[in-house]
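> Pasting a structure here, questions to come.
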Amino acid sequence: MTGTAETGDEQQTEQSERERMRERRRAAFAKAERVLWRPGFQRTIRERLAALLETAPEVYDLDRNTDIYGNGIVADLEERVAALLGTEAAAFFPTGTMAQQVALRCWAGRTGDRAVALHALAHPEVHERHAFSQVSGLRPVHVTSEPRLPTAAEIRDFDEPFGALMLELPLRDAGFVLPTWEQLTEVVEAARERDAVVHFDGARLWECTVRFGRPLEEIAGLADSVYVSFYKSLDGFGGAALAGPKTLVAEAKTWRHRYGGMVFQQFPTALSALAGLERELPRLPDYVRHARVVAAALREGFAAAGVPWVRVHPEEPHTHDFQVWLPYDSDVLMEAAVRQAEETGTFLFANPWDRSAPGLSFTEVAVRSPGLEWTADDVRAAVADFVTRLPTV
């Protein structure tokens with residue numbers, strides 16, 4: 001009993017320490033004068049509403065009536081998304097989790113095959129508590145677990161039948177990675193050779209145009225259906241859209257109701273999505289290009305500081321998000337990052353650090369509007385200061 005009690009006390013102490021660090025991180029982030037990204041969800045309610053109302057008159061007539069069960073501003077947002085992605089129609093959903101379950105459930109009914117081929121690191125497999133199988137009766141099968149998107153050869157040679165192929169663009173948990181345009185088209189062709197439909201998990205599809213060198217409608221046009229998020233890239237309050245053929249979207253709206261997604265009023269979220277399309281969407285290519293400047297400067301800064309091993313992944317970011325790996329435990333790196341913010345007002349690594357292996361951790365770096373103000377010299381200087389807070393390896 002004594003050992004059990006001691007273990008419980010240790011776990012409670014660790015939990016308290018983690019909570020204290022989270023609170024320090026939140027406070028440091030709020031006070032930091034220099035960050036690479038300041039997401040809307042970190043702001044107060046007053047700040048978020050004020051920012052939305054400042055932009056809203058430019059994107060929508062605020063004297064119109066509010067929406068009721070998906071009409072009005074929600075329907076207008078659906079039309080806007082369909083036009084941007086070049087699809088026949090689009091349906092607004094409160095969450096991407098619901099949108100993708102519904103899309104793939106509809107496709108399974110049409111193909112007669114409930115197997116969905118996807119990456120082992122795909123969002124539904126890692127972050128949604130196995131919702132495909134537990135809620136929608138789908139059967140996920142993993143084409144690969146390599147830290148990259150599946151190849152055309154893997155699709156062709158996969159030894160199990162499947163009715164739909166889901167591709168997450170970019171694949172976040174592998175480092176926000178994308179294939180080349182040629183690789184993507186080959187993968188889609190390989191799926192079609194197997195008579196499978198192709199669905200894009202495009203939560204961050206908005207960011208992919210620089211890497212692919214193609215407009216959004218051409219990228220979305222490769223797939224049979226596409227899901228996009230309104231908060232991951234566009235800084236909206238939430239929400240998602242499923243875009244594709246009219247008949248699929250009509251069926252999806254029926255299932256949206258059955259899944260509990262027929263929300264009475266969603267005008268604040270829809271308005272924030274329209275504001276994001278107006279304000280953030282045109283800026284995304286600049287964020288992606290500047291992320292490459294930041295990534296190179298981080299690598300140079302750590303090399304100059306004499307850190308024995310560091311990895312920026314991908315070396316040239318595919319979007320405006322990427323990973324940084326360092327040979328320290330996560331709590332050491334989090335302490336250094338927060339202390340730098342508290343003492344200097346510069347929060348270089350504002351996202352949490354995750355332990356990958358003993359003595360090895362990584363964090364996600366996001367470059368948005370505030371990051372455009374950082375020069376390469378600024379980044380290198382911040383790295384040099386950050387390293388002074390690390391123990392000698």
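By convention here, the chains of the structure tokens are called A, B, ... in the order presented, each chain's residues are numbered starting at 1, and ligands are numbered starting at 1 in the order presented.
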Show which residues sit within 7 Å of Phe237 (chain A), as an MDAnalysis selection string. Count only C-alpha atoms, and ignore same-chain residues fewer than 6 positions away.

chainID A and resid 231 269 272

> So that I have them on file, write out the residues from the current selection with C-alpha atoms, as an mmCIF file, in the first residue's frame.


data_model
loop_
_atom_site.group_PDB
_atom_site.id
_atom_site.type_symbol
_atom_site.label_atom_id
_atom_site.label_comp_id
_atom_site.auth_asym_id
_atom_site.auth_seq_id
_atom_site.Cartn_x
_atom_site.Cartn_y
_atom_site.Cartn_z
ATOM 1 C CA TYR A 231 -9.773 27.837 -37.898
ATOM 2 C CA THR A 269 -18.590 31.098 -36.680
ATOM 3 C CA SER A 272 -15.408 34.565 -38.690
#

> Fewer than 5 positions away in the same chain doesn't count, so skip those; otherwise give me all residues within 12 Å of Glu251 (chain A), counting only C-alpha atoms, as an MDAnalysis selection string.

chainID A and resid 89:91 99 102:107 109:110 242:246 256:258

> Would you save the residues of that selection, restricted to N, CA, C and O atoms, as a JSON list (two decimals), in the first residue's frame?


[["chain", "number", "residue", "atom", "x", "y", "z"],
["A", 89, "ALA", "N", -20.71, 22.04, -55.02],
["A", 89, "ALA", "CA", -21.42, 22.47, -53.81],
["A", 89, "ALA", "C", -20.52, 22.27, -52.60],
["A", 89, "ALA", "O", -19.45, 21.66, -52.68],
["A", 90, "ALA", "N", -20.97, 22.80, -51.47],
["A", 90, "ALA", "CA", -20.25, 22.62, -50.20],
["A", 90, "ALA", "C", -21.26, 22.67, -49.07],
["A", 90, "ALA", "O", -22.32, 23.29, -49.19],
["A", 91, "ALA", "N", -20.94, 22.00, -47.98],
["A", 91, "ALA", "CA", -21.80, 21.98, -46.80],
["A", 91, "ALA", "C", -20.99, 22.39, -45.58],
["A", 91, "ALA", "O", -19.88, 21.89, -45.37],
["A", 99, "ALA", "N", -17.54, 16.22, -40.41],
["A", 99, "ALA", "CA", -17.56, 16.36, -41.87],
["A", 99, "ALA", "C", -16.93, 15.15, -42.55],
["A", 99, "ALA", "O", -17.47, 14.63, -43.54],
["A", 102, "VAL", "N", -18.97, 11.86, -42.15],
["A", 102, "VAL", "CA", -20.13, 11.88, -43.03],
["A", 102, "VAL", "C", -19.72, 11.65, -44.48],
["A", 102, "VAL", "O", -20.33, 10.85, -45.21],
["A", 103, "ALA", "N", -18.66, 12.32, -44.92],
["A", 103, "ALA", "CA", -18.21, 12.18, -46.31],
["A", 103, "ALA", "C", -17.87, 10.73, -46.63],
["A", 103, "ALA", "O", -18.33, 10.18, -47.64],
["A", 104, "LEU", "N", -17.08, 10.12, -45.77],
["A", 104, "LEU", "CA", -16.63, 8.76, -46.05],
["A", 104, "LEU", "C", -17.74, 7.73, -45.84],
["A", 104, "LEU", "O", -17.76, 6.69, -46.49],
["A", 105, "ARG", "N", -18.68, 8.04, -44.96],
["A", 105, "ARG", "CA", -19.84, 7.16, -44.82],
["A", 105, "ARG", "C", -20.67, 7.20, -46.10],
["A", 105, "ARG", "O", -21.16, 6.17, -46.57],
["A", 106, "CYS", "N", -20.85, 8.39, -46.65],
["A", 106, "CYS", "CA", -21.60, 8.51, -47.90],
["A", 106, "CYS", "C", -20.90, 7.78, -49.04],
["A", 106, "CYS", "O", -21.54, 7.07, -49.83],
["A", 107, "TRP", "N", -19.58, 7.93, -49.13],
["A", 107, "TRP", "CA", -18.85, 7.23, -50.18],
["A", 107, "TRP", "C", -18.93, 5.72, -50.00],
["A", 107, "TRP", "O", -19.03, 4.97, -50.98],
["A", 109, "GLY", "N", -21.37, 4.04, -48.80],
["A", 109, "GLY", "CA", -22.66, 3.61, -49.30],
["A", 109, "GLY", "C", -22.70, 3.51, -50.81],
["A", 109, "GLY", "O", -23.40, 2.66, -51.37],
["A", 110, "ARG", "N", -21.93, 4.36, -51.47],
["A", 110, "ARG", "CA", -21.94, 4.37, -52.93],
["A", 110, "ARG", "C", -21.01, 3.31, -53.53],
["A", 110, "ARG", "O", -21.31, 2.75, -54.57],
["A", 242, "LEU", "N", -17.41, 20.61, -46.18],
["A", 242, "LEU", "CA", -17.21, 19.47, -47.06],
["A", 242, "LEU", "C", -17.63, 19.92, -48.45],
["A", 242, "LEU", "O", -18.75, 20.39, -48.65],
["A", 243, "ALA", "N", -16.73, 19.78, -49.42],
["A", 243, "ALA", "CA", -17.01, 20.23, -50.78],
["A", 243, "ALA", "C", -16.92, 19.06, -51.75],
["A", 243, "ALA", "O", -16.07, 18.18, -51.59],
["A", 244, "GLY", "N", -17.79, 19.07, -52.76],
["A", 244, "GLY", "CA", -17.79, 17.99, -53.74],
["A", 244, "GLY", "C", -18.99, 18.08, -54.66],
["A", 244, "GLY", "O", -19.60, 19.15, -54.81],
["A", 245, "PRO", "N", -19.38, 16.96, -55.27],
["A", 245, "PRO", "CA", -20.54, 16.95, -56.17],
["A", 245, "PRO", "C", -21.84, 17.31, -55.43],
["A", 245, "PRO", "O", -21.98, 17.05, -54.23],
["A", 246, "LYS", "N", -22.80, 17.88, -56.16],
["A", 246, "LYS", "CA", -24.07, 18.29, -55.55],
["A", 246, "LYS", "C", -24.77, 17.12, -54.86],
["A", 246, "LYS", "O", -25.31, 17.26, -53.76],
["A", 256, "ARG", "N", -25.53, 15.09, -41.79],
["A", 256, "ARG", "CA", -25.16, 16.15, -40.84],
["A", 256, "ARG", "C", -26.26, 16.34, -39.80],
["A", 256, "ARG", "O", -25.99, 16.47, -38.61],
["A", 257, "HIS", "N", -27.51, 16.33, -40.25],
["A", 257, "HIS", "CA", -28.64, 16.45, -39.33],
["A", 257, "HIS", "C", -28.68, 15.26, -38.38],
["A", 257, "HIS", "O", -28.85, 15.41, -37.16],
["A", 258, "ARG", "N", -28.49, 14.06, -38.92],
["A", 258, "ARG", "CA", -28.54, 12.85, -38.09],
["A", 258, "ARG", "C", -27.40, 12.81, -37.07],
["A", 258, "ARG", "O", -27.57, 12.25, -35.98]]

> Which residues are close to region 156-161 of chain A, i.e. within 12 Å by only C-alpha atoms, leaving aside same-chain residues fewer than 6 positions away? Reply as a PyMOL selection string.

chain A and resi 111-118+139-144+150+186-196

> Based on DSSP run over this structure's backbone, return all residues of region 133-255 of chain A in strand (DSSP E or B), as a list in words.

Arg139, Pro140, Val141, His142, Ala164, Leu165, Met166, Leu167, Glu168, Leu171, Val177, Val197, Val198, His199, Phe200, Asp201, Gly202, Ser225, Val226, Tyr227, Val228, Ser229, Ala240, Ala241, Leu242, Ala243 and Gly244 of chain A

> Could those selected residues go to a file with C-alpha atoms, as an mmCIF file, in the first residue's frame?


data_model
loop_
_atom_site.group_PDB
_atom_site.id
_atom_site.type_symbol
_atom_site.label_atom_id
_atom_site.label_comp_id
_atom_site.auth_asym_id
_atom_site.auth_seq_id
_atom_site.Cartn_x
_atom_site.Cartn_y
_atom_site.Cartn_z
ATOM 1 C CA ARG A 139 -12.901 0.184 -41.405
ATOM 2 C CA PRO A 140 -9.620 2.112 -41.520
ATOM 3 C CA VAL A 141 -6.691 0.312 -43.176
ATOM 4 C CA HIS A 142 -3.185 1.766 -43.009
ATOM 5 C CA ALA A 164 -11.943 5.226 -50.506
ATOM 6 C CA LEU A 165 -8.471 6.677 -50.116
ATOM 7 C CA MET A 166 -8.132 9.549 -47.654
ATOM 8 C CA LEU A 167 -5.070 11.805 -47.995
ATOM 9 C CA GLU A 168 -4.249 14.373 -45.308
ATOM 10 C CA LEU A 171 0.223 15.369 -43.015
ATOM 11 C CA VAL A 177 4.660 17.331 -45.060
ATOM 12 C CA VAL A 197 -12.744 7.370 -54.629
ATOM 13 C CA VAL A 198 -10.291 9.945 -53.278
ATOM 14 C CA HIS A 199 -11.066 12.231 -50.336
ATOM 15 C CA PHE A 200 -8.716 15.012 -49.220
ATOM 16 C CA ASP A 201 -8.432 15.755 -45.516
ATOM 17 C CA GLY A 202 -7.620 19.352 -46.362
ATOM 18 C CA SER A 225 -14.431 15.339 -52.137
ATOM 19 C CA VAL A 226 -12.506 17.746 -49.923
ATOM 20 C CA TYR A 227 -12.786 18.842 -46.315
ATOM 21 C CA VAL A 228 -11.391 22.229 -45.233
ATOM 22 C CA SER A 229 -11.140 23.862 -41.819
ATOM 23 C CA ALA A 240 -15.457 23.193 -41.433
ATOM 24 C CA ALA A 241 -16.819 22.546 -44.904
ATOM 25 C CA LEU A 242 -17.215 19.473 -47.064
ATOM 26 C CA ALA A 243 -17.009 20.230 -50.785
ATOM 27 C CA GLY A 244 -17.788 17.990 -53.738
#

> When you look at region 56-65 of chain A with a cut-off of 8 Å (counting only C-alpha atoms), what residues show up, excluding the ones that are within fewer than 4 positions of it in the same chain? I need them as a list in words.

Leu52, Gly72, Leu271, Ser272, Leu274, Ala275 and Glu278 of chain A

> Determine the nearest neighbour of Asp331 (chain A) from the options A:Gln265, A:Thr185, A:Thr363, A:Thr151, counting only C-alpha atoms.

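Going through A:Gln265, A:Thr185, A:Thr363, A:Thr151 one by one, the smallest distance to Asp331 (chain A) is for A:Thr363.
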
> Could you check how far CA of Leu234 (chain A) sits from CA of Gly276 (chain A), in Å to one decimal?

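Value for the CA of Leu234 (chain A)-CA of Gly276 (chain A) distance: 4.6 Å.
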